[in-house]
Amino acid sequence: MDNRNISYWNKTAEKEAYPPLDRDLETDILIVGGGITGVTCAYCLAQNGFKPVLIEAGDLCDGTTGNTTGKITIQHGIIYSAIAKKYGNEAAALYAESQNSALNFLKNTVIREGIDCQLAYNTAYVYASSIDDRHLIENEYETARKIGIDAELILKPGFPVGNFGMLGFKHQLVFHPVRYVTALARAAVKKGAKIYCSTKAIGVEDDEIKTVRCENGITIRARHLVMATQYPFYDGPNLFFARLYAKRSYGLAVRPRRTWPEGSFINTGEPTRSLRTHMENGAPVLIVVGENHPTGRGEEDMEKHFQRLAAFAADIAGVDEVLARWSAQDYDTPDQIPYIGRISDGSNIYVASGYGKWGLSNGTLAGMMIADLISTGNCNYEELYSRTRGDIMSSPFKTISEVLTPIGELIKSKLEGTDDISGLERGEGRVIRFRGEKAGIYRDYDDRVTILDISCTHMKTELNFNTAEKTWDCPAHGGRFNTEGKLLEGPPKHNLKVLYQGKYEDLIKSETE
């Protein structure tokens, strides 16, 4: 296997090609983002007789949707006892009901549209990875039973290794997310939606008719604007940079040497370990995801995240071959509940973000909810997922920590030292001083170097080099850029400034003259 980070789902799906938008456009409904949220929203609206336009910066499923574990489940780790403690059992029950509605929508849509995405039932388990966490499992079980979830508690499970008690939710689902979204998009287009890829939105004017500016100079005017972009590119009055916390995780798909028990599994505590079985042409594939950390603040050698996942996969079922490796970014909120709905009271701009690594169910739900808001003016569960709920007050210590940490990272980044350019290896990135200023240098495998101004274009925090993914990552708010300085994801809106490009030996020669 090559070391490019392309998910198993993107490697094994035949994706539809959609053209870029090449002219200014007016539409009633514009959806920005071609993952499961945006495509679900487009499908639901088209099914109700609307003709939405969807634009995507790259190809469909290039973002987090194509880099998940492929679980769609109401089992989101230790969440129901946490929601019940903050907002009461009624809110926890409403969360379960809303997530179940997403599962049922996906299951029924697969049947109705005849989608081949290897949809299968299983039991989703969360297990205590230390004896101290066993009480979390027991509390989650008690809450689950109180609010009507069909749950089972296993106090002495034999699998996975390092298990001190396990809670299972029955009748959950796994599937191939890219095959599903690709087919759902095709069905949406047949019903009247239009999709344009390689069309990146970079800003919006929030008037009665929204004007969205795209990177290629094109503008789109729309009455309704749906930001299905993982991180909202327009904030409104919400200060999302202080309420959305960027996290990265890593994934492997392996051809195993031996069998393991059926089901989906995720542990409590750190490091995260999430695994499931996928069947491809009658053969099992082990999917292992985990190693979560705040973006830009993981191991100095990011490659170690993949190495530890490979070691875990070997313990579970042996590794005959690594089929794919990838990474993903998602955002947490103070109270673990996403933001879904209007960006402000009465607004026709809609946000869907903060899925906390459970984007397939939350994204499906968000697409359904926002389609209902546009179609009817209201939707089920609007209050639970509203950005006006008491999220910060319910989780003050987490909020303070997550807000203060980026400030510390900004200060730290300005004080950290630099390396010189001598001895730079192919595939290596470093922070250097270039013409008197701090900069980032990367040497590719053709001996070409690119030097960038690595002050993040969001709030000027200095970026760190991600060795596993060959990216420049912001440790404050999760902005990410490739080695050419192009923005990949996160809150920044602009690329990095390129200070130098050329051959490595020419740079060395010029610096020593």
# chains A, B, ... in the order shown; residues from 1 in each chain; ligands from 1
>>> select_by_dssp(residues="range 138-307 of chain A", states="alpha helix (DSSP H)", output="PyMOL selection string")
chain A and resi 138-146+177-190+303-307
>>> write_last_selection(atoms="C-alpha atoms", output="PDB file, in the first residue's frame")
ATOM      1  CA  GLU A 138     -23.117   1.549  34.386  1.00  0.00           C
ATOM      2  CA  ASN A 139     -24.473   5.112  34.602  1.00  0.00           C
ATOM      3  CA  GLU A 140     -24.972   5.226  30.831  1.00  0.00           C
ATOM      4  CA  TYR A 141     -26.846   1.921  30.980  1.00  0.00           C
ATOM      5  CA  GLU A 142     -29.172   3.176  33.726  1.00  0.00           C
ATOM      6  CA  THR A 143     -29.922   6.356  31.785  1.00  0.00           C
ATOM      7  CA  ALA A 144     -30.463   4.424  28.561  1.00  0.00           C
ATOM      8  CA  ARG A 145     -32.972   2.122  30.239  1.00  0.00           C
ATOM      9  CA  LYS A 146     -34.818   5.065  31.809  1.00  0.00           C
ATOM     10  CA  PRO A 177     -20.837   6.022   3.455  1.00  0.00           C
ATOM     11  CA  VAL A 178     -19.412   7.157   0.112  1.00  0.00           C
ATOM     12  CA  ARG A 179     -21.458   4.688  -1.917  1.00  0.00           C
ATOM     13  CA  TYR A 180     -24.537   5.830   0.005  1.00  0.00           C
ATOM     14  CA  VAL A 181     -23.978   9.573  -0.448  1.00  0.00           C
ATOM     15  CA  THR A 182     -23.028   9.122  -4.113  1.00  0.00           C
ATOM     16  CA  ALA A 183     -26.306   7.310  -4.788  1.00  0.00           C
ATOM     17  CA  LEU A 184     -28.310   9.772  -2.674  1.00  0.00           C
ATOM     18  CA  ALA A 185     -26.872  12.686  -4.677  1.00  0.00           C
ATOM     19  CA  ARG A 186     -27.806  10.938  -7.920  1.00  0.00           C
ATOM     20  CA  ALA A 187     -31.373  10.501  -6.638  1.00  0.00           C
ATOM     21  CA  ALA A 188     -31.527  14.163  -5.550  1.00  0.00           C
ATOM     22  CA  VAL A 189     -30.496  15.315  -9.032  1.00  0.00           C
ATOM     23  CA  LYS A 190     -33.170  13.121 -10.618  1.00  0.00           C
ATOM     24  CA  GLU A 303       3.059   9.006  12.010  1.00  0.00           C
ATOM     25  CA  LYS A 304       2.910   7.390  15.447  1.00  0.00           C
ATOM     26  CA  HIS A 305      -0.888   7.684  15.427  1.00  0.00           C
ATOM     27  CA  PHE A 306      -1.076   5.306  12.459  1.00  0.00           C
ATOM     28  CA  GLN A 307       1.519   3.013  13.994  1.00  0.00           C
TER      29      GLN A 307
END
>>> residues_around(residues="range 203-219 of chain A", least_positions_apart="3", cutoff="8 Å", atoms="only C-alpha atoms", output="list of chain:residue names")
A:Leu21, A:Asp22, A:Arg23, A:Asp24, A:Leu25, A:Thr199, A:Lys200, A:Ala222, A:Arg223, A:His224, A:Leu225, A:Phe233, A:Tyr234, A:Lys493
>>> write_last_selection(atoms="N, CA and C atoms", output="PDB file, in the first residue's frame")
ATOM      1  N   LEU A  21     -19.293  25.191 -11.200  1.00  0.00           N
ATOM      2  CA  LEU A  21     -20.194  26.260 -11.626  1.00  0.00           C
ATOM      3  C   LEU A  21     -19.369  27.291 -12.390  1.00  0.00           C
ATOM      4  N   ASP A  22     -19.808  27.644 -13.586  1.00  0.00           N
ATOM      5  CA  ASP A  22     -19.014  28.533 -14.446  1.00  0.00           C
ATOM      6  C   ASP A  22     -19.719  29.849 -14.763  1.00  0.00           C
ATOM      7  N   ARG A  23     -20.745  30.185 -13.989  1.00  0.00           N
ATOM      8  CA  ARG A  23     -21.471  31.437 -14.230  1.00  0.00           C
ATOM      9  C   ARG A  23     -22.139  31.872 -12.935  1.00  0.00           C
ATOM     10  N   ASP A  24     -22.480  33.168 -12.859  1.00  0.00           N
ATOM     11  CA  ASP A  24     -23.273  33.652 -11.736  1.00  0.00           C
ATOM     12  C   ASP A  24     -24.652  32.982 -11.769  1.00  0.00           C
ATOM     13  N   LEU A  25     -25.246  32.860 -10.584  1.00  0.00           N
ATOM     14  CA  LEU A  25     -26.470  32.065 -10.495  1.00  0.00           C
ATOM     15  C   LEU A  25     -27.402  32.670  -9.445  1.00  0.00           C
ATOM     16  N   THR A 199     -16.247  24.109  -6.607  1.00  0.00           N
ATOM     17  CA  THR A 199     -16.813  25.463  -6.507  1.00  0.00           C
ATOM     18  C   THR A 199     -16.837  25.836  -5.033  1.00  0.00           C
ATOM     19  N   LYS A 200     -15.868  26.627  -4.594  1.00  0.00           N
ATOM     20  CA  LYS A 200     -15.683  26.898  -3.177  1.00  0.00           C
ATOM     21  C   LYS A 200     -16.252  28.244  -2.770  1.00  0.00           C
ATOM     22  N   ALA A 222     -29.181  33.787  -3.275  1.00  0.00           N
ATOM     23  CA  ALA A 222     -30.158  32.805  -2.808  1.00  0.00           C
ATOM     24  C   ALA A 222     -30.955  33.386  -1.646  1.00  0.00           C
ATOM     25  N   ARG A 223     -32.204  32.948  -1.534  1.00  0.00           N
ATOM     26  CA  ARG A 223     -33.033  33.380  -0.404  1.00  0.00           C
ATOM     27  C   ARG A 223     -32.697  32.583   0.842  1.00  0.00           C
ATOM     28  N   HIS A 224     -32.414  31.285   0.678  1.00  0.00           N
ATOM     29  CA  HIS A 224     -32.022  30.420   1.792  1.00  0.00           C
ATOM     30  C   HIS A 224     -30.594  29.935   1.555  1.00  0.00           C
ATOM     31  N   LEU A 225     -29.775  29.970   2.609  1.00  0.00           N
ATOM     32  CA  LEU A 225     -28.396  29.497   2.524  1.00  0.00           C
ATOM     33  C   LEU A 225     -28.156  28.463   3.614  1.00  0.00           C
ATOM     34  N   PHE A 233     -18.724  28.957   7.452  1.00  0.00           N
ATOM     35  CA  PHE A 233     -17.863  29.984   6.883  1.00  0.00           C
ATOM     36  C   PHE A 233     -18.429  31.378   7.117  1.00  0.00           C
ATOM     37  N   TYR A 234     -19.594  31.447   7.737  1.00  0.00           N
ATOM     38  CA  TYR A 234     -20.172  32.725   8.174  1.00  0.00           C
ATOM     39  C   TYR A 234     -20.651  32.536   9.604  1.00  0.00           C
ATOM     40  N   LYS A 493     -10.274  31.715   5.926  1.00  0.00           N
ATOM     41  CA  LYS A 493     -10.913  31.900   4.624  1.00  0.00           C
ATOM     42  C   LYS A 493      -9.899  32.076   3.495  1.00  0.00           C
TER      43      LYS A 493
END
>>> residues_around(residues="range 159-172 of chain A", least_positions_apart="5", cutoff="6 Å", atoms="only C-alpha atoms", output="JSON, numbers by chain")
{"A": [73, 121, 122, 123, 124, 125, 126, 127, 128, 129, 131, 134, 151, 152, 153, 154]}
>>> write_last_selection(atoms="C-alpha atoms", output="PDB file, in the first residue's frame")
ATOM      1  CA  THR A  73     -25.907   4.733  15.331  1.00  0.00           C
ATOM      2  CA  TYR A 121     -27.517  -4.279  11.254  1.00  0.00           C
ATOM      3  CA  ASN A 122     -25.291  -4.790  14.257  1.00  0.00           C
ATOM      4  CA  THR A 123     -24.984  -4.010  17.957  1.00  0.00           C
ATOM      5  CA  ALA A 124     -23.022  -0.887  18.853  1.00  0.00           C
ATOM      6  CA  TYR A 125     -20.975  -1.235  22.038  1.00  0.00           C
ATOM      7  CA  VAL A 126     -19.157   1.239  24.251  1.00  0.00           C
ATOM      8  CA  TYR A 127     -16.720  -0.343  26.675  1.00  0.00           C
ATOM      9  CA  ALA A 128     -14.738   0.807  29.699  1.00  0.00           C
ATOM     10  CA  SER A 129     -11.030   0.813  28.902  1.00  0.00           C
ATOM     11  CA  ILE A 131     -11.576  -0.090  35.837  1.00  0.00           C
ATOM     12  CA  ARG A 134     -16.667   1.142  34.628  1.00  0.00           C
ATOM     13  CA  ALA A 151     -29.640  -1.645  25.910  1.00  0.00           C
ATOM     14  CA  GLU A 152     -27.660  -4.526  27.391  1.00  0.00           C
ATOM     15  CA  LEU A 153     -24.963  -4.386  30.065  1.00  0.00           C
ATOM     16  CA  ILE A 154     -22.135  -6.931  29.932  1.00  0.00           C
TER      17      ILE A 154
END
>>> closest_residue(among="A:Ser7, A:Ser264, A:Thr388, A:Thr333", to="Thr65 in chain A", atoms="only C-alpha atoms")
A:Ser7
>>> residues_around(residues="range 419-422 of chain A", least_positions_apart="3", cutoff="8 Å", atoms="only C-alpha atoms", output="list in words")
Arg430, Val431, Ile432, Arg433 and Ile508 of chain A
>>> residues_around(residues="Met227 in chain A", least_positions_apart="3", cutoff="9 Å", atoms="only C-alpha atoms", output="number ranges by chain")
A: 30-33, 38, 230-234, 349-353
>>> residues_around(residues="range 449-464 of chain A", least_positions_apart="3", cutoff="8 Å", atoms="only C-alpha atoms", output="PyMOL selection string")
chain A and resi 296+409-411+413-414+431+438-444+472-476+479+483-485+491-504
>>> atom_distance(atom1="CA of Gly282 in chain A", atom2="CA of Asp59 in chain A")
28.7 Å
>>> atom_distance(atom1="CA of Ile343 in chain A", atom2="CA of Leu488 in chain A")
23.6 Å
>>> closest_residue(among="A:Ile55, A:Val39, A:Ala253, A:Leu365", to="Ala310 in chain A", atoms="only C-alpha atoms")
A:Ala253
>>> closest_residue(among="A:Asn482, A:Thr40, A:Ser344, A:Gln329", to="Thr295 in chain A", atoms="only C-alpha atoms")
A:Gln329
>>> closest_residue(among="A:Ala371, A:Asn348, A:Glu428, A:Pro338", to="Gly236 in chain A", atoms="only C-alpha atoms")
A:Asn348
>>> atom_distance(atom1="CA of Glu16 in chain A", atom2="CA of Gly490 in chain A")
25.4 Å
>>> select_by_dssp(residues="range 301-504 of chain A", states="strand (DSSP E or B)", output="ChimeraX atom specification")
/A:321-332,339-342,349-353,419,429-434,437-443,448-452,455,462,464-466,471-473,480-482,487-489,498-503
>>> decode(residues="range 339-369 of chain A", atoms="N, CA, C and O atoms", output="compact mmCIF listing (two decimals), in the first residue's frame")
# COMPACT_ATOMS: atom_id res chain seq x y z
N TYR A 339 -24.81 21.93 16.77
CA TYR A 339 -25.61 23.11 16.44
C TYR A 339 -26.28 22.84 15.10
O TYR A 339 -25.62 22.68 14.08
N ILE A 340 -27.61 22.81 15.11
CA ILE A 340 -28.37 22.58 13.88
C ILE A 340 -29.55 23.55 13.87
O ILE A 340 -30.35 23.57 14.81
N GLY A 341 -29.63 24.35 12.82
CA GLY A 341 -30.78 25.25 12.71
C GLY A 341 -30.39 26.62 12.19
O GLY A 341 -29.35 26.79 11.56
N ARG A 342 -31.24 27.59 12.46
CA ARG A 342 -31.02 28.96 11.99
C ARG A 342 -29.82 29.56 12.71
O ARG A 342 -29.60 29.33 13.89
N ILE A 343 -29.08 30.39 11.99
CA ILE A 343 -27.88 31.00 12.58
C ILE A 343 -28.25 32.14 13.53
O ILE A 343 -27.48 32.51 14.42
N SER A 344 -29.45 32.69 13.37
CA SER A 344 -30.00 33.67 14.29
C SER A 344 -31.51 33.66 14.13
O SER A 344 -32.04 33.12 13.14
N ASP A 345 -32.22 34.23 15.08
CA ASP A 345 -33.68 34.19 15.05
C ASP A 345 -34.21 34.80 13.76
O ASP A 345 -33.86 35.92 13.40
N GLY A 346 -35.07 34.06 13.08
CA GLY A 346 -35.69 34.54 11.86
C GLY A 346 -34.81 34.52 10.63
O GLY A 346 -35.25 34.90 9.54
N SER A 347 -33.56 34.07 10.78
CA SER A 347 -32.62 34.09 9.66
C SER A 347 -32.93 32.98 8.66
O SER A 347 -33.45 31.91 9.03
N ASN A 348 -32.58 33.22 7.40
CA ASN A 348 -32.65 32.19 6.37
C ASN A 348 -31.27 31.62 6.06
O ASN A 348 -31.05 31.06 4.99
N ILE A 349 -30.33 31.79 7.00
CA ILE A 349 -29.03 31.11 6.94
C ILE A 349 -29.05 30.01 8.01
O ILE A 349 -29.43 30.26 9.15
N TYR A 350 -28.63 28.82 7.62
CA TYR A 350 -28.74 27.66 8.50
C TYR A 350 -27.36 27.04 8.71
O TYR A 350 -26.53 27.00 7.81
N VAL A 351 -27.14 26.57 9.93
CA VAL A 351 -25.84 26.01 10.31
C VAL A 351 -26.02 24.56 10.73
O VAL A 351 -27.07 24.17 11.26
N ALA A 352 -25.00 23.75 10.48
CA ALA A 352 -24.96 22.36 10.94
C ALA A 352 -23.51 22.04 11.25
O ALA A 352 -22.69 21.90 10.34
N SER A 353 -23.18 21.94 12.53
CA SER A 353 -21.77 21.77 12.91
C SER A 353 -21.69 21.19 14.31
O SER A 353 -22.67 21.13 15.05
N GLY A 354 -20.47 20.77 14.68
CA GLY A 354 -20.22 20.29 16.03
C GLY A 354 -20.70 18.86 16.26
O GLY A 354 -21.24 18.54 17.32
N TYR A 355 -20.44 17.98 15.30
CA TYR A 355 -20.96 16.62 15.37
C TYR A 355 -20.20 15.72 16.33
O TYR A 355 -20.64 14.60 16.61
N GLY A 356 -19.01 16.14 16.76
CA GLY A 356 -18.28 15.38 17.76
C GLY A 356 -17.96 13.95 17.38
O GLY A 356 -18.08 13.03 18.19
N LYS A 357 -17.57 13.72 16.13
CA LYS A 357 -17.19 12.40 15.59
C LYS A 357 -18.38 11.49 15.31
O LYS A 357 -18.19 10.32 14.99
N TRP A 358 -19.61 12.00 15.39
CA TRP A 358 -20.78 11.18 15.09
C TRP A 358 -21.55 11.82 13.94
O TRP A 358 -22.76 12.01 13.99
N GLY A 359 -20.83 12.12 12.86
CA GLY A 359 -21.38 12.93 11.79
C GLY A 359 -22.34 12.22 10.86
O GLY A 359 -23.12 12.88 10.18
N LEU A 360 -22.29 10.88 10.79
CA LEU A 360 -23.18 10.21 9.85
C LEU A 360 -24.63 10.25 10.33
O LEU A 360 -25.55 10.49 9.53
N SER A 361 -24.85 10.06 11.62
CA SER A 361 -26.22 10.20 12.14
C SER A 361 -26.57 11.67 12.32
O SER A 361 -27.66 12.11 11.91
N ASN A 362 -25.67 12.46 12.89
CA ASN A 362 -25.95 13.88 13.09
C ASN A 362 -26.10 14.62 11.76
O ASN A 362 -26.92 15.53 11.63
N GLY A 363 -25.29 14.25 10.78
CA GLY A 363 -25.37 14.90 9.47
C GLY A 363 -26.67 14.57 8.76
O GLY A 363 -27.29 15.43 8.11
N THR A 364 -27.09 13.30 8.85
CA THR A 364 -28.38 12.91 8.27
C THR A 364 -29.51 13.68 8.95
O THR A 364 -30.41 14.23 8.29
N LEU A 365 -29.46 13.72 10.29
CA LEU A 365 -30.47 14.46 11.04
C LEU A 365 -30.49 15.94 10.65
O LEU A 365 -31.56 16.54 10.45
N ALA A 366 -29.31 16.55 10.53
CA ALA A 366 -29.22 17.97 10.19
C ALA A 366 -29.84 18.25 8.82
O ALA A 366 -30.57 19.23 8.64
N GLY A 367 -29.53 17.39 7.85
CA GLY A 367 -30.12 17.57 6.53
C GLY A 367 -31.62 17.50 6.56
O GLY A 367 -32.33 18.30 5.90
N MET A 368 -32.18 16.56 7.33
CA MET A 368 -33.62 16.43 7.48
C MET A 368 -34.22 17.66 8.16
O MET A 368 -35.23 18.22 7.70
N MET A 369 -33.60 18.09 9.27
CA MET A 369 -34.14 19.21 10.05
C MET A 369 -34.14 20.51 9.25
O MET A 369 -35.12 21.26 9.25
